[in-house]
Each structure stands twice: as C-alpha cells, then as structure tokens.
Amino acid sequence: MSALIAELGTKIADRWLKSLLAPGVLWIAVLTLGLIEGQADPFTVARLDGWLNNLAARPSAHAPGSILIVVAAVAVASSAVGLLAGLLGTLTEQLWESQGRRPPAAWLLRARRRLWDTIASPLRQAVLQAVAARHAIEEAETKGQGTRELHEELRDLDEEIDKRSRRLAWVSEARPAHPTWIGDRYARSADRFRAVNGLDNMTLVWPRLWTVLPDTLRAEITSARDSYGGTARLCAWGVLYVPLAVAWWPAAFLGAGIIVTAAQRARLAADNLASLVETAADLYLAELARQLGITQTSRTSMGQAVTDQLAG
C-alpha cells in the first residue's frame with residue numbers, strides 16, 4: 001500500500017512539474033525579462049546583465065532565507081498561472097467543440113462560412129470552365145481542328161482547381177457547420193456513428209463501450225485524449241503570453257506563434273482521437289451488444305437496440 005501511495009505521489013508531482021510549474025516559470029521569466037528590457041530596445045543584453053549584477057550585489061540575495069522565499073514565491077506564482085492556463089485550456093476545448101450559437105463562437109462560424117464561400121465560388125466556376133473546355137476539345141477533335149490552346153487552358157484550369165480544392169479542404173470538407181474545423185470533424189464522426197453503427201447517442205453508449213475495449217486500445221485513446229487536451233493548454237499559454245506585449249512587444253509574436261502551433265497540432269490530435277473512437281465503435285459494438293443480450297445481426301439495428309436498452 002505504501003509503495004502504491006509513493007508511486008501515486010510521484011506521478012502527481014511529475015504532472016504538476018510538467019503541466020504547471022515549468023510552463024509557469026517560463027511565463028514569469030518572460031514577464032520579468034519584459035519588465036527589465038522595456039519597449040524601446042527590447043533586446044539589450046547590457047540592461048539585463050546590469051540588472052543581474054545589481055541583484056547579485058545585494059546582501060539579501062545570498063541569504064538562504066531570502067532565496068527560499070523567492071523560490072517559494074516563484075513556485076506559487078507559476079502554479080497559479082499554470083492553473084489559469086488549465087482553465088483557459090478547458091474553455092478553449094469548449095470553444096473548439098461548440099455549436100456556434102453564441103459569440104464569440106458564432107462570429108467564428110460566420111467567418112469560416114464567408115471564407116469557405118469565397119473559395120468555393122471561384123472553384124465551382126473553374127470546374128464549369130474545365131468541363132466546357134473538355135467538351136470544346138472533344139468537339140474540336142471531332143472536326144479535326146487544333147486543340148493545343150484548349151489543352152493549355154484545361155491544364156491551367158486543372159491546376160487552379162487543385163489549388164483551390166486544397167485551400168477549401170483546409171477550411172472544411174463541406175460548408176462549415178461549426179465554428180472550428182475540430183467541431184466539424186467531431187460532427188462527421190457523429191454522423192458516421194449513426195450511419196454505420198446505428199448509434200444516435202454516443203454520449204450514452206460510450207461509457208459502456210469503454211468497459212469492453214482491450215487495454216491497448218484504451219491506452220491509445222487515453223493518450224490521444226491527453227494529446228488533444230495538451231494542445232488546448234498550449235493554445236491557452238499562447239493567449240497568456242499575448243498580454244505581456246504591454247510590457248515587452250516581442251511577447252505578442254511569441255504568443256501568436258504558440259497559438260498557431262497549438263491550432264495545427266489540435267487538428268491532428270482531434271482527427272486521431274476521432275478515428276480511434278470510430279475504430280472502437282466499429283470493432284467492439286458487437287461485444288457490447290452480446291454482453292447486453294442483444295441478438296440483432298444488422299449493425300444499425302444492433303446499435304439502435306443498444307441505445308434503446310441503455311436509455312431505459
């Protein structure tokens with residue numbers, strides 16, 4: 001029992017160090033650097049060197065009690081900032097997965113739809129022009145006329161279609177229905193659960209399905225979920241760095257870079273998590289149905305029966 005408690009304490013301490021203390025110390029270091037350097041000349045090494053020398057020259061800087069107090073204060077402040085980042089990370093996840101009914105999610109949804117329409121409209125026009133060009137080529141070949149210029153036009157149109165299609169897919173595979181790409185990705189999973197497995201309420205089914213999954217798949221899903229949550233916390237840290245630009249303007253670029261990196265990683269993490277949950281439903285819904293005593297052979301009927309039985 002004591003070994004178990006010791007191991008649990010080690011894991012908690014490791015998690016506190018990685019998720020709260022270390023990122024918080026870095027944030028406080030950037031804040032301190034900004035207050036020292038200022039806005040006019042933010043990369044003056046001499047100013048930082050002078051500040052450190054003045055600090056080292058103070059007698060209290062070498063007193064064990066003073067050092068202990070500073071270390072404790074930094075640890076507490078870092079943990080507090082880390083907790084704030086965790087809260088913002090949770091709010092970030094809620095924003096990513098929201099329906100877009102209220103601001104600011106509604107604003108994001110409108111912006112994504114405008115962007116999607118802006119790209120889709122010329123793409124549709126290019127597709128129509130490509131179809132017309134192919135018909136013109138067929139007609140010219142039938143009449144024995146030259147088609148060189150038509151082939152060049154078709155090649156240019158195909159390149160434009162490919163470029164615009166990639167841009168459109170980056171925004172969304174279909175016209176956005178949620179404020180973020182992640183929301184649309186999870187919605188596609190929900191649609192697939194209904195169409196393939198007959199699961200209308202995955203929120204109800206998932207806790208029971210989880211109990212029949214093998215340890216390896218559960219470990220993969222847990223890891224994917226942790227990675228997804230980590231990207232949200234990383235985005236939150238980026239948001240926390242932006243206000244430091246009031247004291248030190250490079251912090252704005254640092255925060256923006258962190259946010260962009262977190263958003264890119266979040267897409268990959270969300271897609272991986274959704275794919276793993278889809279895999280779990282595809283492979284182990286039948287096992288859950290068997291343990292519930294459901295005998296339907298059709299997957300959609302089986303999923304509907306599982307949902308109905310769990311709903312009571």
# chains A, B, ... in the order shown; residues from 1 in each chain; ligands from 1
$ residues_around --residues "A:Leu84" --least-positions-apart "4" --cutoff "9 Å" --atoms "only C-alpha atoms" --output "list in words"
Ser79, Ala80, Leu88, Gly89, Ala236 and Leu240 of chain A
$ write_last_selection --atoms "C-alpha atoms" --output "PDB file, in the first residue's frame"
ATOM      1  CA  SER A  79       1.412  27.199 -10.245  1.00  0.00           C
ATOM      2  CA  ALA A  80      -1.255  29.914 -10.172  1.00  0.00           C
ATOM      3  CA  LEU A  88      -8.338  28.610 -20.308  1.00  0.00           C
ATOM      4  CA  GLY A  89      -7.459  25.285 -21.921  1.00  0.00           C
ATOM      5  CA  ALA A 236      -4.094  28.831 -23.628  1.00  0.00           C
ATOM      6  CA  LEU A 240      -1.477  34.259 -21.769  1.00  0.00           C
TER       7      LEU A 240
END
$ select_by_dssp --residues "stretch 51-253 of chain A" --states "alpha helix (DSSP H)" --output "ChimeraX atom specification"
/A:51-57,64-96,105-143,148-171,181-197,202-211,215-241,250-253
$ atom_distance --atom1 "atom CA of A:Ala73" --atom2 "atom CA of A:Ala262"
29.0 Å
$ residues_around --residues "stretch 148-164 of chain A" --least-positions-apart "6" --cutoff "8 Å" --atoms "only C-alpha atoms" --output "number ranges by chain"
A: 119-120, 123, 126-127, 129-130, 133-134, 136-137
$ write_last_selection --atoms "C-alpha atoms" --output "PDB file, in the first residue's frame"
ATOM      1  CA  ILE A 119     -13.036  29.909 -52.021  1.00  0.00           C
ATOM      2  CA  ALA A 120     -15.913  27.681 -53.193  1.00  0.00           C
ATOM      3  CA  LEU A 123     -13.789  26.835 -57.555  1.00  0.00           C
ATOM      4  CA  ALA A 126     -13.317  26.850 -62.561  1.00  0.00           C
ATOM      5  CA  VAL A 127     -14.905  23.378 -62.587  1.00  0.00           C
ATOM      6  CA  GLN A 129     -14.955  26.127 -67.231  1.00  0.00           C
ATOM      7  CA  ALA A 130     -12.931  22.892 -67.175  1.00  0.00           C
ATOM      8  CA  ALA A 133     -13.007  23.124 -72.100  1.00  0.00           C
ATOM      9  CA  ARG A 134     -13.159  19.317 -72.251  1.00  0.00           C
ATOM     10  CA  ALA A 136     -14.623  22.001 -76.650  1.00  0.00           C
ATOM     11  CA  ILE A 137     -11.608  19.700 -77.018  1.00  0.00           C
TER      12      ILE A 137
END
$ residues_around --residues "A:Ser298" --least-positions-apart "6" --cutoff "10 Å" --atoms "only C-alpha atoms" --output "list of chain:residue names"
A:Asn197, A:Gly198, A:Ala286, A:Gln304
$ write_last_selection --atoms "C-alpha atoms" --output "short mmCIF file (atom, residue, chain, number, x, y, z; two decimals), in the first residue's frame"
data_model
loop_
_atom_site.label_atom_id
_atom_site.label_comp_id
_atom_site.auth_asym_id
_atom_site.auth_seq_id
_atom_site.Cartn_x
_atom_site.Cartn_y
_atom_site.Cartn_z
CA ASN A 197 -23.38 1.63 -36.35
CA GLY A 198 -26.88 2.94 -35.69
CA ALA A 286 -20.93 -6.27 -31.23
CA GLN A 304 -30.25 1.20 -32.18
#
$ closest_residue --among "A:Ala274, A:Ile182, A:Ala57, A:Val246" --to "A:Ala224" --atoms "only C-alpha atoms"
A:Ala274
$ decode --residues "stretch 221-255 of chain A" --atoms "N, CA and C atoms" --output "short mmCIF file (atom, residue, chain, number, x, y, z; two decimals), in the first residue's frame"
data_model
loop_
_atom_site.label_atom_id
_atom_site.label_comp_id
_atom_site.auth_asym_id
_atom_site.auth_seq_id
_atom_site.Cartn_x
_atom_site.Cartn_y
_atom_site.Cartn_z
N ILE A 221 -6.46 5.51 -26.88
CA ILE A 221 -7.48 6.56 -26.81
C ILE A 221 -7.14 7.54 -25.69
N THR A 222 -6.69 7.03 -24.55
CA THR A 222 -6.31 7.90 -23.44
C THR A 222 -5.15 8.80 -23.84
N SER A 223 -4.16 8.24 -24.52
CA SER A 223 -3.02 9.03 -24.98
C SER A 223 -3.46 10.10 -25.97
N ALA A 224 -4.36 9.72 -26.89
CA ALA A 224 -4.85 10.68 -27.87
C ALA A 224 -5.64 11.80 -27.20
N ARG A 225 -6.43 11.43 -26.17
CA ARG A 225 -7.20 12.44 -25.45
C ARG A 225 -6.28 13.39 -24.70
N ASP A 226 -5.22 12.85 -24.10
CA ASP A 226 -4.25 13.69 -23.40
C ASP A 226 -3.55 14.64 -24.37
N SER A 227 -3.22 14.13 -25.55
CA SER A 227 -2.57 14.97 -26.56
C SER A 227 -3.49 16.10 -27.00
N TYR A 228 -4.76 15.79 -27.19
CA TYR A 228 -5.73 16.80 -27.57
C TYR A 228 -5.88 17.86 -26.49
N GLY A 229 -5.99 17.42 -25.23
CA GLY A 229 -6.06 18.38 -24.13
C GLY A 229 -4.80 19.20 -24.01
N GLY A 230 -3.65 18.58 -24.30
CA GLY A 230 -2.39 19.31 -24.26
C GLY A 230 -2.32 20.43 -25.29
N THR A 231 -2.88 20.20 -26.47
CA THR A 231 -2.89 21.27 -27.47
C THR A 231 -3.76 22.43 -27.04
N ALA A 232 -4.86 22.12 -26.34
CA ALA A 232 -5.72 23.20 -25.84
C ALA A 232 -4.99 24.02 -24.78
N ARG A 233 -4.26 23.34 -23.89
CA ARG A 233 -3.48 24.07 -22.87
C ARG A 233 -2.37 24.88 -23.52
N LEU A 234 -1.74 24.33 -24.55
CA LEU A 234 -0.71 25.08 -25.26
C LEU A 234 -1.29 26.34 -25.89
N CYS A 235 -2.47 26.23 -26.46
CA CYS A 235 -3.14 27.41 -27.01
C CYS A 235 -3.42 28.43 -25.91
N ALA A 236 -3.82 27.93 -24.75
CA ALA A 236 -4.09 28.83 -23.63
C ALA A 236 -2.82 29.56 -23.20
N TRP A 237 -1.69 28.88 -23.19
CA TRP A 237 -0.43 29.54 -22.85
C TRP A 237 -0.12 30.63 -23.87
N GLY A 238 -0.41 30.36 -25.14
CA GLY A 238 -0.20 31.40 -26.14
C GLY A 238 -1.04 32.63 -25.86
N VAL A 239 -2.29 32.40 -25.46
CA VAL A 239 -3.17 33.52 -25.11
C VAL A 239 -2.60 34.30 -23.93
N LEU A 240 -2.03 33.59 -22.95
CA LEU A 240 -1.48 34.26 -21.77
C LEU A 240 -0.21 35.05 -22.10
N TYR A 241 0.50 34.68 -23.13
CA TYR A 241 1.70 35.43 -23.49
C TYR A 241 1.38 36.74 -24.19
N VAL A 242 0.24 36.79 -24.87
CA VAL A 242 -0.10 38.00 -25.65
C VAL A 242 -0.20 39.25 -24.77
N PRO A 243 -0.84 39.21 -23.59
CA PRO A 243 -0.92 40.43 -22.77
C PRO A 243 0.44 40.95 -22.30
N LEU A 244 1.46 40.09 -22.30
CA LEU A 244 2.79 40.54 -21.88
C LEU A 244 3.37 41.56 -22.86
N ALA A 245 2.75 41.68 -24.03
CA ALA A 245 3.21 42.67 -25.01
C ALA A 245 3.05 44.09 -24.48
N VAL A 246 2.23 44.28 -23.47
CA VAL A 246 2.10 45.61 -22.86
C VAL A 246 3.43 46.06 -22.27
N ALA A 247 4.19 45.09 -21.75
CA ALA A 247 5.49 45.41 -21.17
C ALA A 247 6.63 45.16 -22.15
N TRP A 248 6.44 44.18 -23.06
CA TRP A 248 7.53 43.78 -23.96
C TRP A 248 6.90 43.29 -25.26
N TRP A 249 6.97 44.11 -26.33
CA TRP A 249 6.22 43.81 -27.54
C TRP A 249 6.56 42.47 -28.21
N PRO A 250 7.78 41.91 -28.11
CA PRO A 250 8.02 40.60 -28.73
C PRO A 250 7.14 39.48 -28.17
N ALA A 251 6.60 39.68 -26.98
CA ALA A 251 5.74 38.66 -26.40
C ALA A 251 4.50 38.42 -27.26
N ALA A 252 4.04 39.43 -27.99
CA ALA A 252 2.87 39.26 -28.86
C ALA A 252 3.17 38.26 -29.96
N PHE A 253 4.35 38.35 -30.56
CA PHE A 253 4.73 37.41 -31.61
C PHE A 253 4.95 36.01 -31.03
N LEU A 254 5.51 35.95 -29.83
CA LEU A 254 5.69 34.67 -29.17
C LEU A 254 4.34 34.00 -28.92
N GLY A 255 3.39 34.77 -28.38
CA GLY A 255 2.07 34.22 -28.12
C GLY A 255 1.36 33.79 -29.39
#
